[in-house]
Amino acid sequence: MTAQPPVSVIIPNYNGIRFLPTCLNALMHQTYPRDRLEIILVDDGSTDGSVTFVRTHFPNVRVVTMGQNRGLAAACNRGASIARGEILALLNNDTEVEPEWVAALVAALEAHPWAGAAASKMLLFDRRNVLHSAGDMMGIDGIPRNRGVWEVDRGQYDHQRVVFGGCGGAVAYRRKVWDELGGFDEALFMYLEDVDLAWRMQLRGWGTVFAPDARVYHHLSATGGGPLASFYTGRNTIWVIAKNMPGPLLRRYWRPVVIAQWRIARDALRAWRGAAARARLRGQIVGLLSVPRILPKRRRVQATRCVDLEALDALLVRETNG
């Protein structure tokens with residue numbers, strides 16, 4: 001019998017001590033063989049005693065300290081750099097996974113050799129029958145979507161299938177794919193780093209499979225949100241499009257891309273009194289003005305593309321937001 005692959009669960013943490021007991025206790029009760037499971041907490045400069053708490057109460061967890069807040073993307077990369085697993089499972093600290101979570105992600109990857117990643121079924125922590133994500137989809141307008149978001153989970157997504165990518169809050173990557181693509185782009189700092197990696201995977205011919213049995217419950221925006229999230233989402237959406245969307249698709253869908261950004265800007269202007277709205281607009285402006293800085297990365301990414309563009313186009317969602 002072939003030994004099950006070693007898995008490293010990487011948890012980025014910034015002042016998340018209130019969530020860590022629930023998150024880590026759930027990982028301690030996984031059905032996956034304990035000797036094949038490594039748990040790494042990467043602390044991103046917390047000041048709430050997270051490091052001491054984990055070292056005291058969860059001595060089996062490997063703790064890495066960043067020293068200062070360098071962002072979620074850098075924290076995940078740091079954890080991956082020391083991980084021993086053949087599969088890297090990223091997990092937000094404000095989650096609770098079911099006992100079969102790791103085993104379900106591994107089984108999905110083993111059943112689908114073409115998949116470089118496996119996406120979890122994410123549900124709301126306080127309304128456990130309501131979906132947050134059944135895998136990420138990508139629109140022709142360059143805007144990512146959470147498949148199934150806000151729907152009551154009635155089993156309508158209980159089948160493994162191709163999705164564009166996995167939400168970085170609970171996703172597993174093959175180590176060889178992560179290394180091949182260089183992990184997350186740390187310039188993004190936080191937000192959409194998972195979407196950026198999903199694009200690069202797709203361009204290299206690696207897909208993502210949705211694993212419905214990998215269930216996880218998530219507190220929404222518990223350690224993020226607000227103006228900071230709005231700024232990075234506004235900026236990074238433009239950066240991810242500029243870096244990853246192939247030229248033929250940009251020429252085909254530039255109108256939906258422009259319209260989507262205009263609608264976001266229009267809505268932000270209408271809600272100008274709100275700090276988050278102003279931050280989103282500021283992020284868009286910074287993103288647009290800094291596109292020339294992204295072009296060298298774009299050239300490198302597009303030079304590695306080996307996928308059939310029509311097959312990639314078929315994955316994109318036609319309905320646009322608005």
# chains A, B, ... in the order shown; residues from 1 in each chain; ligands from 1
>>> closest_atom_pairs(of="range 148-264 of chain A", to="range 88-107 of chain A", cutoff="9 Å", atoms="only C-alpha atoms", output="CSV")
residue,atom,partner,partner_atom,distance
A:Gly168,CA,A:Leu90,CA,6.4
A:Gly169,CA,A:Asn92,CA,4.7
A:Ala170,CA,A:Leu91,CA,4.6
A:Val171,CA,A:Leu90,CA,5.4
A:Ala172,CA,A:Ala89,CA,4.0
A:Tyr173,CA,A:Leu88,CA,5.2
A:Arg174,CA,A:Leu88,CA,6.3
A:Arg175,CA,A:Leu88,CA,6.0
A:Trp178,CA,A:Leu88,CA,8.3
A:Phe210,CA,A:Leu105,CA,8.8
A:Ala211,CA,A:Leu105,CA,6.2
A:Pro212,CA,A:Ala104,CA,8.1
A:Asp213,CA,A:Ala104,CA,5.7
A:Ala214,CA,A:Trp101,CA,4.3
A:Arg215,CA,A:Glu98,CA,5.8
A:Val216,CA,A:Val97,CA,4.2
A:Tyr217,CA,A:Glu96,CA,5.1
A:His218,CA,A:Thr95,CA,4.5
A:His219,CA,A:Asp94,CA,5.7
A:Leu220,CA,A:Asp94,CA,8.2
A:Ser221,CA,A:Asp94,CA,8.8
A:Ala222,CA,A:Asp94,CA,6.7
A:Thr223,CA,A:Asp94,CA,7.4
>>> write_last_selection(atoms="C-alpha atoms", output="CSV table (one decimal), in the first residue's frame")
chain,number,residue,atom,x,y,z
A,168,GLY,CA,-6.5,31.0,-0.1
A,169,GLY,CA,-8.3,30.7,3.3
A,170,ALA,CA,-8.5,26.9,2.9
A,171,VAL,CA,-6.8,25.4,-0.1
A,172,ALA,CA,-4.2,22.7,-0.8
A,173,TYR,CA,-1.4,23.0,-3.4
A,174,ARG,CA,1.0,20.3,-4.8
A,175,ARG,CA,4.4,21.3,-3.5
A,178,TRP,CA,4.0,25.8,-5.7
A,210,PHE,CA,-13.2,21.5,-5.9
A,211,ALA,CA,-13.3,19.0,-3.0
A,212,PRO,CA,-16.8,19.1,-1.5
A,213,ASP,CA,-15.9,16.9,1.4
A,214,ALA,CA,-13.2,19.3,2.6
A,215,ARG,CA,-15.5,21.4,4.8
A,216,VAL,CA,-14.3,24.4,6.7
A,217,TYR,CA,-16.2,27.1,8.7
A,218,HIS,CA,-14.9,30.6,8.4
A,219,HIS,CA,-15.4,33.9,10.3
A,220,LEU,CA,-15.8,36.5,7.5
A,221,SER,CA,-13.2,39.3,7.6
A,222,ALA,CA,-12.4,38.5,11.2
A,223,THR,CA,-8.7,39.5,10.9
>>> atom_distance(atom1="CA of Cys306 in chain A", atom2="CA of Asp179 in chain A")
17.4 Å
>>> select_by_dssp(residues="range 90-199 of chain A", states="helix (DSSP H, G or I)", output="list in words")
Trp101, Val102, Ala103, Ala104, Leu105, Val106, Ala107, Ala108, Leu109, Glu110, Ala111, Arg175, Lys176, Val177, Trp178, Asp179, Glu180, Leu181, Glu186, Ala187, Leu188, Glu193, Asp194, Val195, Asp196, Leu197, Ala198 and Trp199 of chain A
>>> closest_residue(among="A:Ser290, A:Asn25, A:Ser230, A:Thr208", to="Asp194 in chain A", atoms="only C-alpha atoms")
A:Thr208
>>> residues_around(residues="Glu319 in chain A", least_positions_apart="4", cutoff="9 Å", atoms="only C-alpha atoms", output="PyMOL selection string")
chain A and resi 139-141
>>> decode(residues="range 34-67 of chain A", atoms="C-alpha atoms", output="PDB file, in the first residue's frame")
ATOM      1  CA  ARG A  34      -0.704  12.279  12.507  1.00  0.00           C
ATOM      2  CA  ASP A  35       2.800  11.200  11.488  1.00  0.00           C
ATOM      3  CA  ARG A  36       2.092  12.465   7.945  1.00  0.00           C
ATOM      4  CA  LEU A  37       0.721  15.823   9.075  1.00  0.00           C
ATOM      5  CA  GLU A  38       2.758  18.899   9.941  1.00  0.00           C
ATOM      6  CA  ILE A  39       1.223  22.111  11.305  1.00  0.00           C
ATOM      7  CA  ILE A  40       3.099  25.389  10.881  1.00  0.00           C
ATOM      8  CA  LEU A  41       1.978  28.718  12.307  1.00  0.00           C
ATOM      9  CA  VAL A  42       3.682  31.731  10.759  1.00  0.00           C
ATOM     10  CA  ASP A  43       3.303  34.738  13.023  1.00  0.00           C
ATOM     11  CA  ASP A  44       3.402  38.038  11.169  1.00  0.00           C
ATOM     12  CA  GLY A  45       4.492  40.348  14.002  1.00  0.00           C
ATOM     13  CA  SER A  46       1.592  39.778  16.416  1.00  0.00           C
ATOM     14  CA  THR A  47       1.465  41.791  19.630  1.00  0.00           C
ATOM     15  CA  ASP A  48      -1.337  39.846  21.336  1.00  0.00           C
ATOM     16  CA  GLY A  49       0.677  36.950  22.769  1.00  0.00           C
ATOM     17  CA  SER A  50      -0.148  34.528  19.957  1.00  0.00           C
ATOM     18  CA  VAL A  51       3.355  33.053  19.812  1.00  0.00           C
ATOM     19  CA  THR A  52       3.604  32.365  23.533  1.00  0.00           C
ATOM     20  CA  PHE A  53       0.100  30.912  23.581  1.00  0.00           C
ATOM     21  CA  VAL A  54       0.770  28.444  20.775  1.00  0.00           C
ATOM     22  CA  ARG A  55       4.167  27.386  22.094  1.00  0.00           C
ATOM     23  CA  THR A  56       2.633  26.777  25.528  1.00  0.00           C
ATOM     24  CA  HIS A  57      -0.623  25.060  24.592  1.00  0.00           C
ATOM     25  CA  PHE A  58       0.207  23.456  21.224  1.00  0.00           C
ATOM     26  CA  PRO A  59       3.833  22.316  21.461  1.00  0.00           C
ATOM     27  CA  ASN A  60       3.457  20.083  18.387  1.00  0.00           C
ATOM     28  CA  VAL A  61       2.859  23.123  16.182  1.00  0.00           C
ATOM     29  CA  ARG A  62       5.949  24.557  14.493  1.00  0.00           C
ATOM     30  CA  VAL A  63       6.019  28.311  15.092  1.00  0.00           C
ATOM     31  CA  VAL A  64       7.851  30.696  12.770  1.00  0.00           C
ATOM     32  CA  THR A  65       8.064  34.381  13.642  1.00  0.00           C
ATOM     33  CA  MET A  66       8.395  37.034  10.937  1.00  0.00           C
ATOM     34  CA  GLY A  67       9.334  39.813  13.366  1.00  0.00           C
TER      35      GLY A  67
END
